[in-house]
file protein.cif (mmCIF, C-alpha atoms (C1' of nucleotides))
data_model
loop_
_atom_site.label_atom_id
_atom_site.label_comp_id
_atom_site.auth_asym_id
_atom_site.auth_seq_id
_atom_site.Cartn_x
_atom_site.Cartn_y
_atom_site.Cartn_z
CA MET A 6 0.00 0.00 0.00
CA GLU A 7 2.75 2.41 -0.88
CA LYS A 8 0.84 4.74 -3.18
CA ASP A 9 -2.12 6.99 -2.59
CA LEU A 10 -5.30 4.95 -2.53
CA LYS A 11 -7.17 7.32 -4.85
CA GLU A 12 -4.41 7.02 -7.39
CA ARG A 13 -4.32 3.25 -7.17
CA ILE A 14 -8.06 3.08 -7.72
CA LYS A 15 -7.72 5.06 -10.92
CA GLU A 16 -4.86 2.94 -12.18
CA VAL A 17 -6.83 -0.25 -11.72
CA ALA A 18 -9.92 1.41 -13.20
CA VAL A 19 -8.03 2.35 -16.36
CA ASP A 20 -6.96 -1.24 -16.69
CA HIS A 21 -10.46 -2.63 -16.28
CA PHE A 22 -12.20 -0.06 -18.49
CA ASN A 23 -9.61 -0.88 -21.11
CA ASN A 24 -10.02 -4.63 -20.95
CA ASN A 25 -13.74 -4.91 -20.31
CA GLY A 26 -15.29 -1.64 -21.42
CA TYR A 27 -17.41 0.65 -19.32
CA HIS A 28 -20.25 -1.79 -18.81
CA GLY A 29 -17.99 -4.78 -18.35
CA THR A 30 -16.14 -3.08 -15.54
CA THR A 31 -17.59 -3.41 -12.04
CA ILE A 32 -16.83 -1.38 -8.97
CA ARG A 33 -16.48 -4.64 -7.07
CA ASN A 34 -13.77 -5.93 -9.40
CA ILE A 35 -11.85 -2.71 -9.04
CA ALA A 36 -12.16 -2.76 -5.26
CA ASN A 37 -11.01 -6.37 -5.18
CA GLU A 38 -7.89 -5.70 -7.19
CA VAL A 39 -7.05 -2.55 -5.26
CA ASN A 40 -7.62 -4.55 -2.08
CA CYS A 41 -9.91 -2.04 -0.53
CA SER A 42 -13.56 -2.14 0.38
CA LEU A 43 -16.25 -1.24 -2.08
CA PRO A 44 -17.44 2.06 -0.60
CA MET A 45 -13.92 3.48 -0.63
CA ILE A 46 -14.33 3.99 -4.34
CA TYR A 47 -17.43 6.08 -3.68
CA TYR A 48 -15.44 7.95 -1.06
CA TYR A 49 -13.08 9.26 -3.69
CA TYR A 50 -15.34 9.29 -6.76
CA LYS A 51 -19.00 10.24 -6.85
CA ASN A 52 -19.90 7.26 -9.00
CA LYS A 53 -18.72 4.98 -11.77
CA LYS A 54 -19.26 7.52 -14.51
CA GLU A 55 -17.25 10.23 -12.74
CA LEU A 56 -14.35 7.84 -12.43
CA PHE A 57 -14.49 7.09 -16.14
CA ASP A 58 -14.91 10.74 -17.06
CA GLU A 59 -11.95 11.89 -15.02
CA ILE A 60 -9.69 9.46 -16.85
CA ILE A 61 -10.76 10.75 -20.25
CA LYS A 62 -11.27 14.43 -19.55
CA LYS A 63 -8.19 14.87 -17.43
CA ASP A 64 -5.58 12.20 -18.11
CA TYR A 65 -6.26 11.52 -21.78
CA PHE A 66 -6.50 15.14 -22.86
CA ASP A 67 -3.44 16.03 -20.80
CA LEU A 68 -1.58 13.46 -22.86
CA LEU A 69 -2.91 14.84 -26.14
CA LYS A 70 -2.15 18.43 -25.23
CA LYS A 71 1.37 17.60 -24.16
CA GLN A 72 1.90 15.87 -27.48
CA ALA A 73 0.37 18.75 -29.41
CA THR A 74 2.72 21.35 -27.94
CA LEU A 75 5.83 19.59 -29.18
CA LEU A 76 7.82 21.93 -31.36
CA SER A 77 8.88 21.08 -34.83
CA THR A 78 12.57 20.68 -35.53
CA ASN A 79 14.14 21.91 -38.73
CA ASN A 80 13.33 18.63 -40.44
CA ILE A 81 9.68 17.76 -40.75
CA ILE A 82 10.26 14.05 -41.35
CA ASP A 83 12.49 13.82 -38.29
CA PHE A 84 9.84 15.58 -36.32
CA TYR A 85 6.96 13.29 -37.22
CA THR A 86 9.12 10.20 -36.89
CA LYS A 87 9.97 11.20 -33.34
CA PHE A 88 6.36 12.21 -32.73
CA VAL A 89 5.24 8.64 -33.40
CA TYR A 90 8.29 6.75 -32.19
CA ASP A 91 8.16 8.30 -28.74
CA LEU A 92 4.81 6.67 -28.16
CA ASN A 93 6.67 3.37 -27.83
CA SER A 94 8.20 4.57 -24.59
CA LEU A 95 5.07 5.91 -22.98
CA SER A 96 4.55 4.51 -19.48
CA ASP A 97 2.19 1.57 -19.22
CA TYR A 98 -0.36 3.73 -17.50
CA ASP A 99 -0.21 6.47 -20.13
CA LYS A 100 -0.47 3.92 -22.90
CA LYS A 101 -3.61 2.50 -21.37
CA VAL A 102 -5.10 5.94 -20.92
CA TYR A 103 -4.29 6.73 -24.55
CA ARG A 104 -5.86 3.49 -25.66
CA LEU A 105 -9.00 4.18 -23.65
CA GLY A 106 -9.18 7.66 -25.17
CA ILE A 107 -8.99 6.27 -28.68
CA LYS A 108 -11.74 3.84 -27.80
CA VAL A 109 -13.95 6.77 -26.86
CA TYR A 110 -12.72 8.75 -29.89
CA LEU A 111 -13.95 5.98 -32.15
CA SER A 112 -17.19 5.99 -30.13
CA PHE A 113 -16.62 2.44 -29.04
CA ASP A 114 -17.15 3.46 -25.44
CA GLY A 115 -18.20 6.44 -23.34
CA ASP A 116 -21.31 8.54 -23.83
CA GLU A 117 -22.46 11.34 -26.09
CA GLU A 118 -20.99 14.08 -23.93
CA LEU A 119 -17.51 12.60 -24.26
CA MET A 120 -18.05 12.09 -27.99
CA GLY A 121 -18.83 15.78 -28.36
CA ILE A 122 -15.56 16.69 -26.68
CA MET A 123 -13.74 14.33 -29.03
CA ASP A 124 -15.37 15.90 -32.08
CA GLU A 125 -14.22 19.34 -30.98
CA TRP A 126 -10.68 18.11 -30.63
CA GLU A 127 -10.74 16.38 -33.98
CA LYS A 128 -11.55 19.65 -35.72
CA THR A 129 -8.28 21.15 -34.49
CA ILE A 130 -6.11 18.38 -35.92
CA LEU A 131 -5.96 19.29 -39.62
CA PRO A 132 -5.32 23.06 -39.16
CA ARG A 133 -2.67 22.40 -36.53
CA HIS A 134 -0.67 20.01 -38.67
CA TYR A 135 -1.17 22.14 -41.75
CA GLN A 136 0.39 25.12 -39.99
CA LEU A 137 3.23 22.89 -38.86
CA ILE A 138 4.01 21.51 -42.31
CA LYS A 139 3.28 24.70 -44.25
CA PRO A 140 6.87 26.03 -44.24
CA TYR A 141 8.05 22.84 -45.90
CA LEU A 142 5.39 22.68 -48.60
CA LYS A 143 6.20 23.56 -52.17
CA ASN A 144 2.81 25.17 -52.75
CA ARG A 145 1.43 22.49 -54.96
CA ASP A 146 -2.27 21.98 -55.57
CA ASN A 147 -2.44 18.83 -53.51
CA ASP A 148 -0.73 20.20 -50.41
CA LEU A 149 -3.80 19.82 -48.27
CA ALA A 150 -4.34 16.27 -49.49
CA MET A 151 -0.79 15.51 -48.43
CA VAL A 152 -1.37 16.77 -44.91
CA ARG A 153 -4.63 14.81 -44.76
CA THR A 154 -2.85 11.69 -45.92
CA LEU A 155 -0.16 12.17 -43.31
CA ILE A 156 -2.73 12.54 -40.56
CA HIS A 157 -4.46 9.39 -41.73
CA LEU A 158 -1.19 7.50 -41.72
CA LEU A 159 -0.31 8.82 -38.26
CA GLU A 160 -3.64 7.63 -36.95
CA THR A 161 -2.95 4.04 -37.94
CA LEU A 162 0.60 4.16 -36.61
CA ILE A 163 -0.63 5.51 -33.29
CA VAL A 164 -3.29 2.81 -33.14
CA SER A 165 -0.66 0.15 -33.84
CA ILE A 166 1.51 1.23 -30.95
CA VAL A 167 -1.07 2.28 -28.43
CA VAL A 168 -4.09 0.11 -29.15
CA LYS A 169 -2.55 -3.05 -30.56
CA ASN A 170 0.46 -2.61 -28.28
CA ARG A 171 2.99 -3.27 -31.05
CA PHE A 172 6.50 -1.89 -31.11
CA LEU A 173 7.29 0.10 -34.24
CA SER A 174 10.93 0.74 -35.05
CA GLU A 175 12.12 4.23 -35.88
CA GLU A 176 13.14 2.96 -39.27
CA GLU A 177 9.76 1.68 -40.38
CA ILE A 178 8.02 4.78 -39.06
CA ARG A 179 10.43 7.00 -40.97
CA GLU A 180 10.01 4.96 -44.15
CA GLU A 181 6.25 5.37 -44.17
CA ILE A 182 6.22 9.03 -43.26
CA SER A 183 8.83 9.67 -45.94
CA ILE A 184 6.66 8.05 -48.57
CA VAL A 185 3.85 10.46 -47.81
CA LEU A 186 6.03 13.56 -47.31
CA ARG A 187 8.32 12.70 -50.21
CA ARG A 188 8.06 16.14 -51.76
CA CYS A 189 9.10 17.87 -48.55
CA GLU A 190 12.51 16.31 -48.33
CA MET B 25 -43.52 -8.95 -38.67
CA GLU B 26 -42.57 -9.30 -42.29
CA LYS B 27 -39.09 -10.76 -41.87
CA ASP B 28 -37.83 -13.93 -40.27
CA LEU B 29 -37.73 -13.53 -36.48
CA LYS B 30 -34.26 -15.01 -36.17
CA GLU B 31 -32.96 -12.54 -38.69
CA ARG B 32 -34.63 -9.62 -36.99
CA ILE B 33 -33.10 -10.61 -33.67
CA LYS B 34 -29.66 -10.56 -35.22
CA GLU B 35 -30.21 -7.20 -36.85
CA VAL B 36 -31.24 -5.60 -33.59
CA ALA B 37 -28.40 -7.37 -31.79
CA VAL B 38 -25.82 -5.94 -34.20
CA ASP B 39 -27.22 -2.51 -33.50
CA HIS B 40 -27.08 -2.90 -29.74
CA PHE B 41 -23.65 -4.56 -29.61
CA ASN B 42 -22.42 -1.70 -31.74
CA ASN B 43 -23.88 1.07 -29.62
CA ASN B 44 -23.43 -0.40 -26.16
CA GLY B 45 -20.75 -3.06 -26.44
CA TYR B 46 -21.12 -6.69 -25.45
CA HIS B 47 -21.63 -6.03 -21.76
CA GLY B 48 -23.84 -3.01 -22.32
CA THR B 49 -26.22 -5.01 -24.46
CA THR B 50 -28.96 -6.95 -22.69
CA ILE B 51 -31.12 -9.73 -24.01
CA ARG B 52 -34.11 -7.88 -22.61
CA ASN B 53 -33.37 -4.75 -24.62
CA ILE B 54 -33.03 -6.81 -27.77
CA ALA B 55 -36.27 -8.65 -27.11
CA ASN B 56 -38.04 -5.37 -26.44
CA GLU B 57 -36.95 -3.79 -29.69
CA VAL B 58 -37.68 -6.90 -31.70
CA ASN B 59 -41.05 -7.03 -29.97
CA CYS B 60 -40.77 -10.63 -29.00
CA SER B 61 -40.54 -12.37 -25.67
CA LEU B 62 -37.26 -12.92 -23.95
CA PRO B 63 -36.97 -16.71 -24.31
CA MET B 64 -37.42 -16.48 -28.05
CA ILE B 65 -33.85 -15.28 -28.28
CA TYR B 66 -32.73 -18.40 -26.47
CA TYR B 67 -34.88 -20.42 -28.83
CA TYR B 68 -32.76 -19.32 -31.78
CA TYR B 69 -29.42 -18.74 -30.08
CA LYS B 70 -27.90 -20.83 -27.32
CA ASN B 71 -26.89 -17.75 -25.35
CA LYS B 72 -25.70 -14.19 -25.60
CA LYS B 73 -22.17 -15.12 -26.57
CA GLU B 74 -23.28 -17.38 -29.42
CA LEU B 75 -25.33 -14.53 -30.83
CA PHE B 76 -22.32 -12.23 -30.72
CA ASP B 77 -20.00 -14.87 -32.14
CA GLU B 78 -22.25 -15.65 -35.08
CA ILE B 79 -22.22 -11.99 -36.10
CA ILE B 80 -18.44 -11.82 -36.10
CA LYS B 81 -17.51 -15.29 -37.30
CA LYS B 82 -20.12 -15.47 -40.02
CA ASP B 83 -21.31 -12.05 -41.12
CA TYR B 84 -18.15 -10.03 -40.57
CA PHE B 85 -15.78 -12.51 -42.17
CA ASP B 86 -18.16 -13.04 -45.06
CA LEU B 87 -17.86 -9.32 -45.70
CA LEU B 88 -14.08 -9.38 -45.49
CA LYS B 89 -13.76 -12.39 -47.75
CA LYS B 90 -16.06 -10.90 -50.34
CA GLN B 91 -13.96 -7.76 -50.34
CA ALA B 92 -10.73 -9.74 -50.54
CA THR B 93 -11.73 -11.61 -53.68
CA LEU B 94 -12.25 -8.44 -55.70
CA LEU B 95 -10.08 -8.54 -58.78
CA SER B 96 -7.64 -5.84 -59.65
CA THR B 97 -8.25 -3.79 -62.77
CA ASN B 98 -5.43 -2.69 -65.00
CA ASN B 99 -4.94 0.44 -62.90
CA ILE B 100 -3.91 -0.10 -59.32
CA ILE B 101 -4.96 3.36 -58.12
CA ASP B 102 -8.39 2.96 -59.70
CA PHE B 103 -8.68 -0.39 -58.01
CA TYR B 104 -7.90 0.79 -54.49
CA THR B 105 -9.99 3.90 -54.90
CA LYS B 106 -12.97 1.77 -55.78
CA PHE B 107 -12.05 -0.68 -53.03
CA VAL B 108 -12.48 2.05 -50.42
CA TYR B 109 -15.16 4.15 -52.12
CA ASP B 110 -17.56 1.24 -52.39
CA LEU B 111 -17.68 1.01 -48.62
CA ASN B 112 -19.77 4.17 -48.67
CA SER B 113 -22.61 2.28 -50.27
CA LEU B 114 -22.60 -0.73 -48.01
CA SER B 115 -26.03 -1.46 -46.56
CA ASP B 116 -26.66 -0.11 -43.09
CA TYR B 117 -26.60 -3.62 -41.70
CA ASP B 118 -23.31 -4.50 -43.37
CA LYS B 119 -21.77 -1.26 -42.20
CA LYS B 120 -22.72 -2.03 -38.62
CA VAL B 121 -21.36 -5.55 -38.91
CA TYR B 122 -18.14 -4.16 -40.34
CA ARG B 123 -17.91 -1.64 -37.54
CA LEU B 124 -18.47 -4.31 -34.92
CA GLY B 125 -15.78 -6.44 -36.53
CA ILE B 126 -13.29 -3.61 -36.38
CA LYS B 127 -14.16 -3.14 -32.74
CA VAL B 128 -13.21 -6.74 -32.10
CA TYR B 129 -10.17 -6.43 -34.39
CA LEU B 130 -8.87 -3.61 -32.23
CA SER B 131 -9.68 -5.80 -29.19
CA PHE B 132 -12.15 -3.25 -27.94
CA ASP B 133 -14.76 -5.96 -27.59
CA GLY B 134 -15.16 -9.72 -27.86
CA ASP B 135 -13.00 -12.32 -26.15
CA GLU B 136 -9.63 -13.93 -26.68
CA GLU B 137 -10.91 -16.58 -29.04
CA LEU B 138 -12.21 -13.95 -31.44
CA MET B 139 -8.99 -11.97 -31.08
CA GLY B 140 -7.05 -15.05 -32.16
CA ILE B 141 -9.14 -15.35 -35.30
CA MET B 142 -8.51 -11.68 -36.03
CA ASP B 143 -4.77 -12.10 -35.62
CA GLU B 144 -4.77 -14.95 -38.13
CA TRP B 145 -6.61 -12.80 -40.64
CA GLU B 146 -4.30 -9.87 -40.10
CA LYS B 147 -1.30 -11.97 -41.09
CA THR B 148 -2.79 -12.52 -44.55
CA ILE B 149 -3.23 -8.82 -45.30
CA LEU B 150 0.31 -7.75 -46.20
CA PRO B 151 1.15 -10.73 -48.50
CA ARG B 152 -2.19 -10.43 -50.25
CA HIS B 153 -1.82 -6.78 -51.10
CA TYR B 154 1.83 -7.20 -51.95
CA GLN B 155 0.95 -9.83 -54.55
CA LEU B 156 -1.72 -7.52 -55.89
CA ILE B 157 0.54 -4.50 -56.25
CA LYS B 158 3.67 -6.41 -57.29
CA PRO B 159 3.09 -6.11 -61.07
CA TYR B 160 2.99 -2.35 -60.78
CA LEU B 161 6.08 -1.95 -58.61
CA LYS B 162 9.30 -0.66 -60.06
CA ASN B 163 11.44 -2.95 -57.91
CA ARG B 164 12.78 -0.30 -55.64
CA ASP B 165 14.22 -1.01 -52.23
CA ASN B 166 11.26 0.48 -50.39
CA ASP B 167 8.56 -1.43 -52.26
CA LEU B 168 7.47 -3.29 -49.16
CA ALA B 169 7.35 -0.10 -47.14
CA MET B 170 5.07 1.36 -49.78
CA VAL B 171 2.65 -1.54 -49.55
CA ARG B 172 2.73 -1.26 -45.76
CA THR B 173 2.04 2.45 -45.95
CA LEU B 174 -0.85 1.86 -48.31
CA ILE B 175 -2.37 -0.70 -45.96
CA HIS B 176 -2.01 1.71 -43.07
CA LEU B 177 -3.71 4.44 -45.05
CA LEU B 178 -6.50 2.10 -46.13
CA GLU B 179 -7.11 1.17 -42.51
CA THR B 180 -7.80 4.76 -41.51
CA LEU B 181 -9.97 5.38 -44.56
CA ILE B 182 -12.01 2.29 -43.81
CA VAL B 183 -12.38 3.37 -40.18
CA SER B 184 -13.54 6.81 -41.30
CA ILE B 185 -16.31 5.42 -43.45
CA VAL B 186 -17.38 2.42 -41.43
CA VAL B 187 -16.65 3.36 -37.83
CA LYS B 188 -17.06 7.13 -37.83
CA ASN B 189 -19.80 6.84 -40.46
CA ARG B 190 -18.36 9.60 -42.64
CA PHE B 191 -18.83 9.86 -46.38
CA LEU B 192 -15.56 10.03 -48.30
CA SER B 193 -15.70 11.28 -51.88
CA GLU B 194 -14.03 9.32 -54.63
CA GLU B 195 -11.80 12.32 -55.26
CA GLU B 196 -10.30 12.59 -51.79
CA ILE B 197 -9.78 8.85 -51.61
CA ARG B 198 -7.99 8.87 -54.94
CA GLU B 199 -5.84 11.83 -53.93
CA GLU B 200 -4.56 10.10 -50.81
CA ILE B 201 -3.97 6.74 -52.42
CA SER B 202 -2.15 8.47 -55.27
CA ILE B 203 0.19 10.18 -52.85
CA VAL B 204 1.26 6.83 -51.45
CA LEU B 205 1.33 4.96 -54.76
CA ARG B 206 2.89 7.85 -56.63
CA ARG B 207 5.60 5.74 -58.18
CA CYS B 208 3.14 3.24 -59.60
CA GLU B 209 1.33 5.68 -61.82
"C1'" DA C 23 -58.35 -37.66 -35.18
"C1'" DT C 24 -54.12 -37.85 -33.17
"C1'" DG C 25 -49.32 -37.14 -32.46
"C1'" DT C 26 -45.32 -34.40 -33.09
"C1'" DA C 27 -42.57 -30.78 -34.03
"C1'" DA C 28 -41.89 -25.77 -34.24
"C1'" DC C 29 -42.87 -21.39 -32.27
"C1'" DA C 30 -44.34 -18.49 -28.79
"C1'" DC C 31 -45.37 -17.04 -24.07
"C1'" DT C 32 -45.46 -15.94 -18.50
"C1'" DA C 33 -43.04 -16.33 -14.56
"C1'" DA C 34 -39.43 -17.03 -11.97
"C1'" DC C 35 -34.48 -18.36 -10.35
"C1'" DG C 36 -30.08 -17.08 -8.48
"C1'" DA C 37 -26.45 -14.09 -9.19
"C1'" DA C 38 -24.39 -9.75 -9.82
"C1'" DC C 39 -24.85 -4.99 -10.29
"C1'" DG C 40 -24.46 0.32 -8.60
"C1'" DT C 41 -25.12 2.58 -4.68
"C1'" DT C 42 -25.88 3.90 0.26
"C1'" DA C 43 -26.72 3.76 5.35
"C1'" DG C 44 -24.45 3.59 9.22
"C1'" DA C 45 -20.74 2.17 12.30
"C1'" DT C 46 -15.81 2.37 13.72
"C1'" DA C 47 -11.29 3.95 14.47
"C1'" DA C 48 -7.55 7.15 14.38
"C1'" DA C 49 -5.79 11.89 14.42
"C1'" DG C 50 -5.57 16.60 15.44
"C1'" DG C 51 -7.18 21.13 17.02
"C1'" DA C 52 -9.99 23.58 20.53
"C1'" DT D 4 -11.03 16.40 27.30
"C1'" DC D 5 -14.15 16.76 23.70
"C1'" DC D 6 -15.27 17.59 18.96
"C1'" DT D 7 -14.61 17.38 14.22
"C1'" DT D 8 -12.54 15.53 10.25
"C1'" DT D 9 -10.67 11.86 7.57
"C1'" DA D 10 -10.37 7.23 6.23
"C1'" DT D 11 -12.04 2.91 6.38
"C1'" DC D 12 -15.29 -0.86 7.07
"C1'" DT D 13 -19.71 -4.41 7.13
"C1'" DA D 14 -24.06 -5.00 5.61
"C1'" DA D 15 -27.61 -4.26 3.03
"C1'" DC D 16 -30.94 -1.90 -0.38
"C1'" DG D 17 -33.40 -2.21 -4.72
"C1'" DT D 18 -32.60 -3.23 -9.53
"C1'" DT D 19 -31.28 -5.65 -13.40
"C1'" DC D 20 -28.93 -9.27 -15.42
"C1'" DG D 21 -28.49 -14.07 -18.07
"C1'" DT D 22 -30.86 -17.98 -18.15
"C1'" DT D 23 -34.47 -21.68 -17.67
"C1'" DA D 24 -38.66 -24.28 -16.29
"C1'" DG D 25 -42.90 -24.98 -17.67
"C1'" DT D 26 -46.99 -24.06 -20.59
"C1'" DG D 27 -49.65 -23.08 -24.19
"C1'" DT D 28 -50.61 -22.57 -29.45
"C1'" DT D 29 -50.36 -23.51 -34.17
"C1'" DA D 30 -49.50 -26.47 -38.26
"C1'" DC D 31 -48.67 -30.35 -40.51
"C1'" DA D 32 -47.81 -35.45 -41.20
"C1'" DT D 33 -49.73 -39.93 -40.20
#

call {"tool": "encode", "arguments": {"input": "protein.cif", "output": "structure tokens"}}
result
Amino acid sequence: MEKDLKERIKEVAVDHFNNNGYHGTTIRNIANEVNCSLPMIYYYYKNKKELFDEIIKKDYFDLLKKQATLLSTNNIIDFYTKFVYDLNSLSDYDKKVYRLGIKVYLSFDGDEELMGIMDEWEKTILPRHYQLIKPYLKNRDNDLAMVRTLIHLLETLIVSIVVKNRFLSEEEIREEISIVLRRCE
Amino acid sequence: MEKDLKERIKEVAVDHFNNNGYHGTTIRNIANEVNCSLPMIYYYYKNKKELFDEIIKKDYFDLLKKQATLLSTNNIIDFYTKFVYDLNSLSDYDKKVYRLGIKVYLSFDGDEELMGIMDEWEKTILPRHYQLIKPYLKNRDNDLAMVRTLIHLLETLIVSIVVKNRFLSEEEIREEISIVLRRCE
DNA sequence: ATGTAACACTAACGAACGTTAGATAAAGGA
DNA sequence: TCCTTTATCTAACGTTCGTTAGTGTTACAT
């Protein structure tokens, strides 16, 4: 019982929500694994939904925002390669939070309120990356399509690492990003 | 009560499994929406799990196999554009089945047995597409990376249409596929 | 007419769920 | 010393779950 009980509850909750979904997760199972009594969970969290919401609204979006504020280097391919590769070394907890967030993002879990928040975030993705890549673009007619393609590729790479829990080498990440950003080299 | 009751049960079940996950779906809710009594579901399906399994093992893989047997035209970009674009016009039922399958594929639902089946299928993807694209490749050192990148792009496009229920125009699909397959033109 | 199979129901079982009431024990300030 | 706060518990509430036992009802073959 080294760590804070509230923190331990959330860690176990992330694990269970991840493996069994919102409905498949029970407060009793969480309490059992944390080795505390059942009402202790209600002592720290109002109810099941608040526990789930805090993970998404706080922990998941903290992760996303931290990732979004990374600054581009002078090489756009280096930057995006690192952007993806670094996900490999996320802590187990962060990886699970990320995975749970993607689950909600794809509306595989959570409720409509959370989906709305996800939609808002999604709208910021294309403009943000476009601004980031802009300096490297050669002003061709399909510039926007290239950014869109990159984002689509990134999404699958992120899912591979975070959701399917695969390790992707820096080399293969770079290869694929280079194929899409070929004209920026 | 026009259609077969067994069929109607499955249709409603697909809907509920999709919206609420396996654990969030109850036999009572299904029976209510189908407007039949509760034991009728057990008359046609041994239990809840068998109902879920039949949807994935039969309907989802039928969809995948049908898609996999499509023959390439003489233009590889045309082929893949059509491959993705046609998903837009899948029936509502098929789209939901597809979505549910992807949910299991990403291990967001289902059990370990189903995950095993998904893993087996996944292994066939890269060789299959490589064989398909091979004739159009210029034998460069990053040919395999290109096929991998294409598959990764396709995955996101499929998720957009089937999971997020977006409509993708033929034009934007073609643009993105062309960016990846640029050297095959 | 009678038997049998297929289709449908009502009612209930036991188990598990989310949640809460209420007690206890320790700690610290007044 | 007494009171309040914080952290923890046991026990239970009412509800809903998956599942089944048991019973009709139709339709068709013999």

call {"tool": "interface_residues", "arguments": {"input": "protein.cif", "of": "chain C", "to": "chain A", "cutoff": "12 Å", "atoms": "only C-alpha atoms (C1' of nucleotides)", "output": "list in words"}}
result
DA38, DC39, DG40, DT41, DT42 and DA43 of chain C

call {"tool": "interface_residues", "arguments": {"input": "protein.cif", "of": "chain B", "to": "chain A", "cutoff": "9 Å", "atoms": "all atoms listed in the file", "output": "PyMOL selection string"}}
result
chain B and resi 42-49+127+130-133+166+169-170+172-174+176-181+183+187-188+196+199-201+203-206

call {"tool": "resolve_selection", "arguments": {"input": "protein.cif", "expression": "the PyMOL selection byres ((chain D) within 10 of (chain A))", "output": "PDB file with C-alpha atoms (C1' of nucleotides), in the coordinates of the input"}}
result
ATOM      1  C1'  DA D  10     -10.370   7.230   6.230  1.00  0.00           C
ATOM      2  C1'  DT D  11     -12.040   2.910   6.380  1.00  0.00           C
ATOM      3  C1'  DC D  12     -15.290  -0.860   7.070  1.00  0.00           C
ATOM      4  C1'  DT D  13     -19.710  -4.410   7.130  1.00  0.00           C
TER       5       DT D  13
END

call {"tool": "residues_around", "arguments": {"input": "protein.cif", "residues": "DT26 (chain C)", "least_positions_apart": "5", "cutoff": "12 Å", "atoms": "only C-alpha atoms (C1' of nucleotides)", "output": "ChimeraX atom specification"}}
result
/D:30-33

call {"tool": "closest_residue", "arguments": {"input": "protein.cif", "among": "C:DG25, C:DA37, C:DA52, C:DT32", "to": "DT4 (chain D)", "atoms": "only C-alpha atoms (C1' of nucleotides)"}}
result
C:DA52

call {"tool": "atom_distance", "arguments": {"input": "protein.cif", "atom1": "CA of Lys139 (chain A)", "atom2": "CA of Leu75 (chain A)"}}
result
16.1 Å

call {"tool": "atom_distance", "arguments": {"input": "protein.cif", "atom1": "CA of Phe88 (chain A)", "atom2": "CA of Ala73 (chain A)"}}
result
9.5 Å

call {"tool": "atom_distance", "arguments": {"input": "protein.cif", "atom1": "CA of Ser174 (chain A)", "atom2": "CA of Asp64 (chain A)"}}
result
26.3 Å

call {"tool": "residues_around", "arguments": {"input": "protein.cif", "residues": "Asn59 (chain B)", "least_positions_apart": "6", "cutoff": "10 Å", "atoms": "only C-alpha atoms (C1' of nucleotides)", "output": "list of chain:residue names"}}
result
B:Met25, B:Leu29, B:Arg32, B:Ile33, B:Asn53

call {"tool": "closest_residue", "arguments": {"input": "protein.cif", "among": "D:DT18, D:DT8, D:DT23, D:DT29", "to": "DA28 (chain C)", "atoms": "all atoms listed in the file"}}
result
D:DT29

call {"tool": "resolve_selection", "arguments": {"input": "protein.cif", "expression": "the PyMOL selection byres ((chain A and resi 77) around 12)", "output": "list in words"}}
result
Gln72, Ala73, Thr74, Leu75, Leu76, Thr78, Asn79, Asn80, Ile81, Ile82, Asp83, Phe84, Tyr85, Thr86, Lys87, Phe88, Arg133, His134, Gln136, Leu137, Ile138, Lys139, Pro140 and Tyr141 of chain A

call {"tool": "closest_residue", "arguments": {"input": "protein.cif", "among": "C:DG51, C:DC29, C:DA23, C:DA45", "to": "DA14 (chain D)", "atoms": "only C-alpha atoms (C1' of nucleotides)"}}
result
C:DA45

call {"tool": "resolve_selection", "arguments": {"input": "protein.cif", "expression": "the PyMOL selection byres ((chain D and resi 26) around 10)", "output": "list in words"}}
result
DC31 and DT32 of chain C; DA24, DG25, DG27 and DT28 of chain D

call {"tool": "write_last_selection", "arguments": {"input": "protein.cif", "atoms": "C-alpha atoms (C1' of nucleotides)", "output": "JSON list (two decimals), keeping the file's coordinate frame"}}
result
[["chain", "number", "residue", "atom", "x", "y", "z"],
["C", 31, "DC", "C1'", -45.37, -17.04, -24.07],
["C", 32, "DT", "C1'", -45.46, -15.94, -18.50],
["D", 24, "DA", "C1'", -38.66, -24.28, -16.29],
["D", 25, "DG", "C1'", -42.90, -24.98, -17.67],
["D", 27, "DG", "C1'", -49.65, -23.08, -24.19],
["D", 28, "DT", "C1'", -50.61, -22.57, -29.45]]
